[in-house]
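A.B. asks: Have a look at the structure that comes next, please.
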Amino acid sequence: MAENVLSRPLDLLNSAKGKMVLVELKNGHAITGKLVAFDVHINVTLENAEEKKDADTLRKLGNVFIRGDTIILISPTI
Amino acid sequence: MAENVLSRPLDLLNSAKGKMVLVELKNGHAITGKLVAFDVHINVTLENAEEKKDADTLRKLGNVFIRGDTIILISPTI
Amino acid sequence: MAENVLSRPLDLLNSAKGKMVLVELKNGHAITGKLVAFDVHINVTLENAEEKKDADTLRKLGNVFIRGDTIILISPTI
Amino acid sequence: MAENVLSRPLDLLNSAKGKMVLVELKNGHAITGKLVAFDVHINVTLENAEEKKDADTLRKLGNVFIRGDTIILISPTI
Amino acid sequence: MAENVLSRPLDLLNSAKGKMVLVELKNGHAITGKLVAFDVHINVTLENAEEKKDADTLRKLGNVFIRGDTIILISPTI
Amino acid sequence: MAENVLSRPLDLLNSAKGKMVLVELKNGHAITGKLVAFDVHINVTLENAEEKKDADTLRKLGNVFIRGDTIILISPTI
Amino acid sequence: MAENVLSRPLDLLNSAKGKMVLVELKNGHAITGKLVAFDVHINVTLENAEEKKDADTLRKLGNVFIRGDTIILISPTI
């Protein structure tokens, strides 16, 4: 990821569309899934999503809309 | 859900109208019900709604308006 | 409540004017009363309002203005 | 309080000017006093104000400016 | 303080300029000092300021800028 | 500091540029350092900064950007 | 870092692009990594990022997008 190529934070999210991501939430949970869409508020939608706490899967969510203001970070996972 | 079809996060909510959804709240509770309406603040209205904590139903709400800023995620449930 | 009739979240609040509602607050309390008015911030006014915690009435408030950003949900009660 | 007369939430605050009100704060305290002024942020000023926790008066404040975003509710008291 | 004279909440702050005020903060601390300036965000500057918790002075701050969104209330002290 | 000279809260920050300041954060920590810059959101940059909890230095930060919404107060020190 | 050279807080972030930074989060964790991009909301993207709590590495994140409103401070680390 060269700085001259990805010069804005949302570029990383754009390049992660269609890929698996980890989303950490402010309540200490994490959601993993395939990134489908995001907007400027960092609202995101994932598919094949699972909600996790530490190493445990709390529930399989499938398609999910996550409100941006509850998100700490988003990281593509390979 | 193909990315070229659903390219914005609100598209998922739009496609979930009239279907059963799970709404997770910041206070640790969840609301299930049929999605009737939403707006850009992610304010939503549900019908046949039930408020739950873990596996327990706290109360049957029927029609309910949920303020968007209290919502963590919304997931269609089959 | 048909989706084509109530297509925006605030429509539910509009149809609840003059009726008894349950207002859940972020501090874990609830207010019941007759819905008199609301605005786009979801500031609401109730009359004959009572503040409750779990099943107990904490105090009778009569007329009350509730600031929208402290509200989790609003549900008409029959 | 008829709905056609008081159709916006701020109408209740307007009608309470010059009267004693109870202001509940997000920190669990309450302020009582005579409502002098308010604005659209629900910033309010009271006179003869007292800060209370449960039934106890914490201190007499006299004139006080309360920032709107710290307020849960405002209720006229008789 | 007549209502027709002080009809907006900021009028109280304006009349308190140059006088000693008590500023209660959301973290449970209080700052006392002479009010020098404020703006519409309720950012304030004080001089001869002291930070207190309950009855104890935590530290003497002298001149201080307080960010408005951390303030619960401001009260002139005689 | 006369009121007619410093009539806006940001004037105090402007006069503190290049001087040592204490920045109290909402998480209970404090940062000390030389004030380099600030903006209207009260985002600030310091140099020779140290992060402290009570009397203890947690770490030396050197140059640091502090996001405004995490700041309680800023006070010039000497 | 002279004040006349870096007169706005974002200048520090701009000069830190391509360098290792420490990002402290409101949840008590820290992220270290190479700063790739930031915007006016202080949303940032890092590469080679690691999430830490105290001295322990919680996980290696690689590329990561961090939402600005969860950030306390950002400090370049040599």
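Ordered as shown in the structure tokens, chains take letters A, B, and onward, while each chain numbers its residues from 1 and ligands are numbered from 1 in the order shown.
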Taking the chain letters and numbering used in this document, name the residues of chain B that DSSP puts in strand (DSSP E or B), as a ChimeraX atom specification.

C.D. replies: /B:20-25,30-38,44-53,56-66,71-76

A.B. asks: Write out as number ranges by chain which residues come within 12 Å of G:Glu50 when counting only C-alpha atoms, dropping same-chain ones fewer than 6 positions away.

C.D. replies: A: 75; G: 20-24, 29-34, 56-64

A.B. asks: Filtering to C-alpha atoms, could you give me those residues as an mmCIF file, in the first residue's frame?

C.D. replies:
data_model
loop_
_atom_site.group_PDB
_atom_site.id
_atom_site.type_symbol
_atom_site.label_atom_id
_atom_site.label_comp_id
_atom_site.auth_asym_id
_atom_site.auth_seq_id
_atom_site.Cartn_x
_atom_site.Cartn_y
_atom_site.Cartn_z
ATOM 1 C CA SER A 75 -9.077 -4.342 9.169
ATOM 2 C CA MET G 20 5.579 4.947 12.636
ATOM 3 C CA VAL G 21 2.961 6.382 14.989
ATOM 4 C CA LEU G 22 1.317 5.460 18.266
ATOM 5 C CA VAL G 23 -2.482 5.842 18.289
ATOM 6 C CA GLU G 24 -4.138 5.782 21.720
ATOM 7 C CA HIS G 29 -5.900 0.071 23.763
ATOM 8 C CA ALA G 30 -3.176 1.461 21.505
ATOM 9 C CA ILE G 31 -2.409 0.819 17.847
ATOM 10 C CA THR G 32 1.083 1.208 16.425
ATOM 11 C CA GLY G 33 1.845 1.250 12.722
ATOM 12 C CA LYS G 34 2.947 3.308 9.744
ATOM 13 C CA ASP G 56 1.218 -6.718 25.331
ATOM 14 C CA THR G 57 0.438 -7.117 21.632
ATOM 15 C CA LEU G 58 -3.219 -8.239 21.377
ATOM 16 C CA ARG G 59 -3.086 -8.919 17.645
ATOM 17 C CA LYS G 60 -1.331 -7.991 14.431
ATOM 18 C CA LEU G 61 -3.778 -6.105 12.227
ATOM 19 C CA GLY G 62 -1.701 -5.313 9.158
ATOM 20 C CA ASN G 63 -3.696 -2.676 7.278
ATOM 21 C CA VAL G 64 -6.301 -0.956 9.428
#

A.B. asks: Up to 12 Å from chain A, what residues of chain G turn up? Count only C-alpha atoms and give them as a ChimeraX atom specification.

C.D. replies: /G:14,16-19,23-31,34-51,58-72

A.B. asks: Calculate how many Å separate atom CA of D:Lys52 from atom CA of E:Lys53, rounding to one decimal.

C.D. replies: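 About the pair atom CA of D:Lys52 and atom CA of E:Lys53: they are 16.9 Å apart.
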